[in-house]
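Following: one structure in structure tokens, then a few remarks.
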Amino acid sequence: MLNVAIVGPGLVGSALIEQLVAHAQSPRFAALPIAVVGLINSKKMAVSPAPFTAASLADWKTAILGDKAAAAADLAQFAKQLSAIGGVTAVVDCTSSESVAQRYPEWLASGLHVVTPNKKAFSGDEALFRRIRDLSTASPGGPSVYHEATVGAGLPVLSTLSDLVRTGDRITRIEGVFSGTLSYLFNNFSTPDASGSSFSQCVAVAKASGYTEPDPRDDLNGMDVARKVTILARAAGLSAVGLDTLAVENIVPEPLRAVESADEFMARLPEFDAHFKALNEDALASGSVLRYVGSVDAVDPTRCCVRLSRFPHDHPFAALKGSDNIVAFTTERFPIPLIVQGAGAGAAVTAFGIFADLIKVCERFGVNSS
């Protein structure tokens, strides 16, 4: 049995719980027994030596964390109680918290596996990244870390890169549209037939549709893409690449970067429609469209960057639809890039990526019904 404990059972965590409950009720469970034994949010926590029932997980806010037996949230105690259960246990961090990510070495040192979509540990402080890597590779039977969902949600981006590296292929370049938000924006704003709406209208529609952060500047500043590029660069062996070394193009108009609220930002964004229109018209005049991309240059790591770029109409990036992500791996064996494309955001697909990583833990450590 693989014991699973979820930190931060919010949108993605709830989707993962639904998938794990469905799995437990399917014939697949016999070969891959995975069960939830722990939940913790910002206020309460619960750990059980026996798996939580499907009925209690269906109403976990009340039946588990709302129960009188639930204790005050304490991550240190949570990990201690999980370690005491024994067997193979994976902690799934569904937060985006830096402070939670800093606990990974402690969890690994106590024998707990880590599975997460949280980008902070793999794109921030290099010392933390190295410590996590060293602890998770110290011995074949030791604790593991899987974080496929940090780049591309459920898309097989990191696993593809890992396969390329482990088989001895030489990575030349990794380039992609890594943000579902920015994919949606530019797929609608910059089209080959010039039929797009104004930039501010596209942002407003994206915000109203739930594609952006509450403050769209958190998407437009490029930092989310920069974290993903850093993760890919480090996974490709470029450990010196970090947020402090990347050239990141912030497309938030400079006068709007310091305005106090998202509402004020949205109200004033139309003032800069002419600027974005000019960029789009210049691209169209050259037979191109605009796409916001991240690039890992393995030949010259100083050229790793995040920026708004032009792509000709026949380029795969120009043909993107909706909020899809696309990643192109150019290598010695794949001079014509190997492309991974599909939905790169959303609770269900992110939970799928986490679930797939949990299955990898099962397979790697021989977890079965016995």
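Residue numbering restarts at 1 for every chain of the structure tokens, chains are lettered A, B, ... in their displayed order, and ligands are numbered from 1 as they appear.
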For the helix (DSSP H, G or I) assignment from backbone DSSP, which residues of segment 147-288 of chain A qualify? Please present them as a PyMOL selection string. chain A and resi 148-150+157-166+180-189+199-208+217-220+223-235+254-256+262-285
At a cut-off of 9 Å, can you tabulate as a tab-separated table every residue of segment 25-91 of chain A near segment 341-363 of chain A together with its closest atom pair and the distance in Å to one decimal, using only C-alpha atoms and ordering rows by chain then number?
residue	atom	partner	partner_atom	distance
A:Leu32	CA	A:Cys362	CA	6.8
A:Pro33	CA	A:Cys362	CA	8.2
A:Ile34	CA	A:Leu358	CA	8.1
A:Val88	CA	A:Cys362	CA	8.5
A:Ala90	CA	A:Leu358	CA	7.7
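Closest approach to Gly87 of chain A from the set A:Val165, A:Met1, A:Ala258, A:Ala206 is made by A:Met1, with distances taken over only C-alpha atoms.
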- Message: When you look at Ser197 of chain A with a cut-off of 12 Å (counting only C-alpha atoms), what residues show up, excluding the ones that are within fewer than 3 positions of it in the same chain? I need them as a list in words.
- Response: Leu185, Phe186, Asn187, Asn188, Phe189, Ser190, Thr191, Asp193, Ala194, Ser200, Gln201, Cys202, Val203, Ala204, Val205, Ala206, Pro270, Asp273, Phe276, Lys277 and Asn280 of chain A
Determine the nearest neighbour of Arg291 of chain A from the options A:Ala278, A:Leu182, A:Ala262, A:Thr331, counting only C-alpha atoms.
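Closest residue, counting only C-alpha atoms: A:Leu182.
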Wanna dump the segment 301-360 of chain A-segment 224-232 of chain A contacts at 12 Å for me, each residue with its shortest atom pair and the distance in Å to one decimal, counting only C-alpha atoms, ordered by chain and number, as a tab-separated table?
residue	atom	partner	partner_atom	distance
A:Pro301	CA	A:Thr230	CA	10.8
A:Arg303	CA	A:Val229	CA	11.8
A:Cys304	CA	A:Val229	CA	8.0
A:Cys305	CA	A:Ala226	CA	7.7
A:Val306	CA	A:Ala226	CA	6.2
A:Arg307	CA	A:Val225	CA	9.4
A:Leu308	CA	A:Val225	CA	11.5
A:Asn325	CA	A:Val225	CA	11.3
A:Val327	CA	A:Leu232	CA	10.8
A:Ala328	CA	A:Leu232	CA	12.0
A:Phe329	CA	A:Leu232	CA	10.8
A:Gly344	CA	A:Lys228	CA	11.9
Hey, can you spit out that residue selection with all heavy atoms as a short mmCIF file (atom, residue, chain, number, x, y, z; two decimals), in the first residue's frame?
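Written file, part.cif:
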data_model
loop_
_atom_site.label_atom_id
_atom_site.label_comp_id
_atom_site.auth_asym_id
_atom_site.auth_seq_id
_atom_site.Cartn_x
_atom_site.Cartn_y
_atom_site.Cartn_z
N PRO A 301 24.20 28.69 -21.93
CA PRO A 301 23.20 28.93 -20.88
C PRO A 301 22.94 30.41 -20.59
O PRO A 301 21.88 30.75 -20.06
CB PRO A 301 23.81 28.24 -19.66
CG PRO A 301 24.69 27.18 -20.24
CD PRO A 301 25.27 27.79 -21.48
N ARG A 303 22.12 32.47 -22.61
CA ARG A 303 21.04 32.90 -23.51
C ARG A 303 19.68 32.33 -23.11
O ARG A 303 18.70 32.54 -23.81
CB ARG A 303 21.39 32.48 -24.95
CG ARG A 303 22.67 33.14 -25.47
CD ARG A 303 23.00 32.67 -26.87
NE ARG A 303 21.97 33.04 -27.84
CZ ARG A 303 21.98 32.67 -29.11
NH1 ARG A 303 22.96 31.90 -29.57
NH2 ARG A 303 21.02 33.04 -29.93
N CYS A 304 19.63 31.62 -22.00
CA CYS A 304 18.32 31.18 -21.49
C CYS A 304 17.48 32.41 -21.19
O CYS A 304 17.98 33.37 -20.58
CB CYS A 304 18.49 30.34 -20.23
SG CYS A 304 19.34 28.77 -20.48
N CYS A 305 16.23 32.41 -21.59
CA CYS A 305 15.44 33.63 -21.44
C CYS A 305 13.94 33.35 -21.45
O CYS A 305 13.50 32.24 -21.77
CB CYS A 305 15.79 34.63 -22.54
SG CYS A 305 15.36 34.05 -24.20
N VAL A 306 13.20 34.40 -21.12
CA VAL A 306 11.73 34.39 -21.16
C VAL A 306 11.33 35.69 -21.86
O VAL A 306 11.71 36.77 -21.40
CB VAL A 306 11.13 34.33 -19.75
CG1 VAL A 306 9.62 34.44 -19.82
CG2 VAL A 306 11.54 33.05 -19.04
N ARG A 307 10.61 35.59 -22.96
CA ARG A 307 10.32 36.82 -23.71
C ARG A 307 9.15 36.65 -24.67
O ARG A 307 8.73 35.53 -24.98
CB ARG A 307 11.56 37.23 -24.50
CG ARG A 307 11.95 36.24 -25.59
CD ARG A 307 13.23 36.64 -26.28
NE ARG A 307 13.59 35.69 -27.33
CZ ARG A 307 14.70 35.75 -28.04
NH1 ARG A 307 15.58 36.71 -27.80
NH2 ARG A 307 14.94 34.85 -28.98
N LEU A 308 8.67 37.79 -25.16
CA LEU A 308 7.66 37.83 -26.22
C LEU A 308 8.39 37.74 -27.55
O LEU A 308 9.27 38.56 -27.84
CB LEU A 308 6.86 39.13 -26.12
CG LEU A 308 5.65 39.28 -27.04
CD1 LEU A 308 4.61 38.21 -26.72
CD2 LEU A 308 5.04 40.67 -26.88
N ASN A 325 -0.38 24.37 -23.81
CA ASN A 325 1.07 24.52 -23.72
C ASN A 325 1.69 23.73 -24.86
O ASN A 325 1.09 22.78 -25.38
CB ASN A 325 1.60 23.96 -22.40
CG ASN A 325 1.37 24.87 -21.20
OD1 ASN A 325 1.91 24.62 -20.13
ND2 ASN A 325 0.56 25.91 -21.34
N VAL A 327 5.86 22.38 -25.97
CA VAL A 327 7.28 22.36 -25.64
C VAL A 327 8.01 21.64 -26.76
O VAL A 327 7.59 20.55 -27.18
CB VAL A 327 7.56 21.63 -24.31
CG1 VAL A 327 9.04 21.76 -23.95
CG2 VAL A 327 6.69 22.19 -23.20
N ALA A 328 9.08 22.26 -27.27
CA ALA A 328 9.87 21.68 -28.35
C ALA A 328 11.28 21.38 -27.84
O ALA A 328 11.98 22.28 -27.37
CB ALA A 328 9.93 22.64 -29.54
N PHE A 329 11.68 20.10 -27.92
CA PHE A 329 13.01 19.67 -27.51
C PHE A 329 13.86 19.48 -28.77
O PHE A 329 13.56 18.60 -29.60
CB PHE A 329 12.95 18.34 -26.76
CG PHE A 329 12.19 18.38 -25.47
CD1 PHE A 329 10.83 18.06 -25.43
CD2 PHE A 329 12.83 18.70 -24.28
CE1 PHE A 329 10.14 18.07 -24.25
CE2 PHE A 329 12.13 18.72 -23.08
CZ PHE A 329 10.77 18.41 -23.06
N GLY A 344 -2.02 22.45 -20.46
CA GLY A 344 -0.95 22.60 -19.48
C GLY A 344 -1.38 23.28 -18.22
O GLY A 344 -0.55 23.74 -17.43
#
Item checked: Near-Glu332 of chain A list (6 Å; only C-alpha atoms; drop same-chain fewer than 2 positions) as a PyMOL selection string -> chain A and resi 170+334-335
Quick one: write out the picked residues with all heavy atoms as a JSON list (two decimals), in the first residue's frame?
[["chain", "number", "residue", "atom", "x", "y", "z"],
["A", 170, "ARG", "N", 22.01, 14.55, -26.48],
["A", 170, "ARG", "CA", 22.60, 15.86, -26.18],
["A", 170, "ARG", "C", 21.55, 16.93, -26.42],
["A", 170, "ARG", "O", 21.09, 17.14, -27.55],
["A", 170, "ARG", "CB", 23.83, 16.10, -27.06],
["A", 170, "ARG", "CG", 24.52, 17.43, -26.83],
["A", 170, "ARG", "CD", 25.81, 17.52, -27.65],
["A", 170, "ARG", "NE", 26.41, 18.84, -27.53],
["A", 170, "ARG", "CZ", 26.14, 19.87, -28.32],
["A", 170, "ARG", "NH1", 25.25, 19.72, -29.31],
["A", 170, "ARG", "NH2", 26.74, 21.03, -28.15],
["A", 334, "PHE", "N", 17.15, 14.51, -32.15],
["A", 334, "PHE", "CA", 15.93, 15.13, -32.66],
["A", 334, "PHE", "C", 16.24, 16.55, -33.17],
["A", 334, "PHE", "O", 15.83, 17.54, -32.57],
["A", 334, "PHE", "CB", 14.86, 15.20, -31.57],
["A", 334, "PHE", "CG", 14.29, 13.88, -31.16],
["A", 334, "PHE", "CD1", 14.84, 13.17, -30.11],
["A", 334, "PHE", "CD2", 13.21, 13.33, -31.83],
["A", 334, "PHE", "CE1", 14.32, 11.95, -29.72],
["A", 334, "PHE", "CE2", 12.67, 12.10, -31.46],
["A", 334, "PHE", "CZ", 13.24, 11.41, -30.40],
["A", 335, "PRO", "N", 16.99, 16.64, -34.31],
["A", 335, "PRO", "CA", 17.28, 17.97, -34.86],
["A", 335, "PRO", "C", 16.00, 18.67, -35.32],
["A", 335, "PRO", "O", 15.91, 19.90, -35.28],
["A", 335, "PRO", "CB", 18.21, 17.67, -36.04],
["A", 335, "PRO", "CG", 17.97, 16.23, -36.38],
["A", 335, "PRO", "CD", 17.61, 15.56, -35.10]]
Separation of atom CA of Thr181 of chain A and atom CA of Leu338 of chain A, in Å?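 Atom CA of Leu338 of chain A lies 23.2 Å from atom CA of Thr181 of chain A.
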* Mind checking which residues fall within 12 Å of Phe52 of chain A, counting only C-alpha atoms, ignoring those fewer than 6 positions away in the same chain, and posting them as a list of chain:residue names? => A:Asn3, A:Val4, A:Ala5, A:Ile17, A:Leu20, A:Val21, A:Ala24, A:Ile34, A:Ala35, A:Val36, A:Val37, A:Gly38, A:Leu39, A:Ala46, A:Ala58, A:Asp59, A:Trp60, A:Ala63, A:Ile64, A:Leu65
Residue with the minimum atom-to-atom distance to Ala235 of chain A, picked from A:Val151, A:Pro192, A:Ser183, A:Tyr211 with only C-alpha atoms counted, is A:Val151
**Message:** Could you check the closest approach to Glu254 of chain A for each of A:Leu220, A:Ala233, A:Leu238, A:Val293 and tell me which residue wins, using only C-alpha atoms?
**Reply:**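 Smallest separation from Glu254 of chain A among the options: A:Leu220.
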- Query: In terms of the shortest atom-to-atom distance over only C-alpha atoms, which of A:Ser97, A:Ser42, A:Asn118, A:Ser195 is closest to Ala73 of chain A?
  - Reply: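 So, comparing all the options, the nearest one is A:Ser42.
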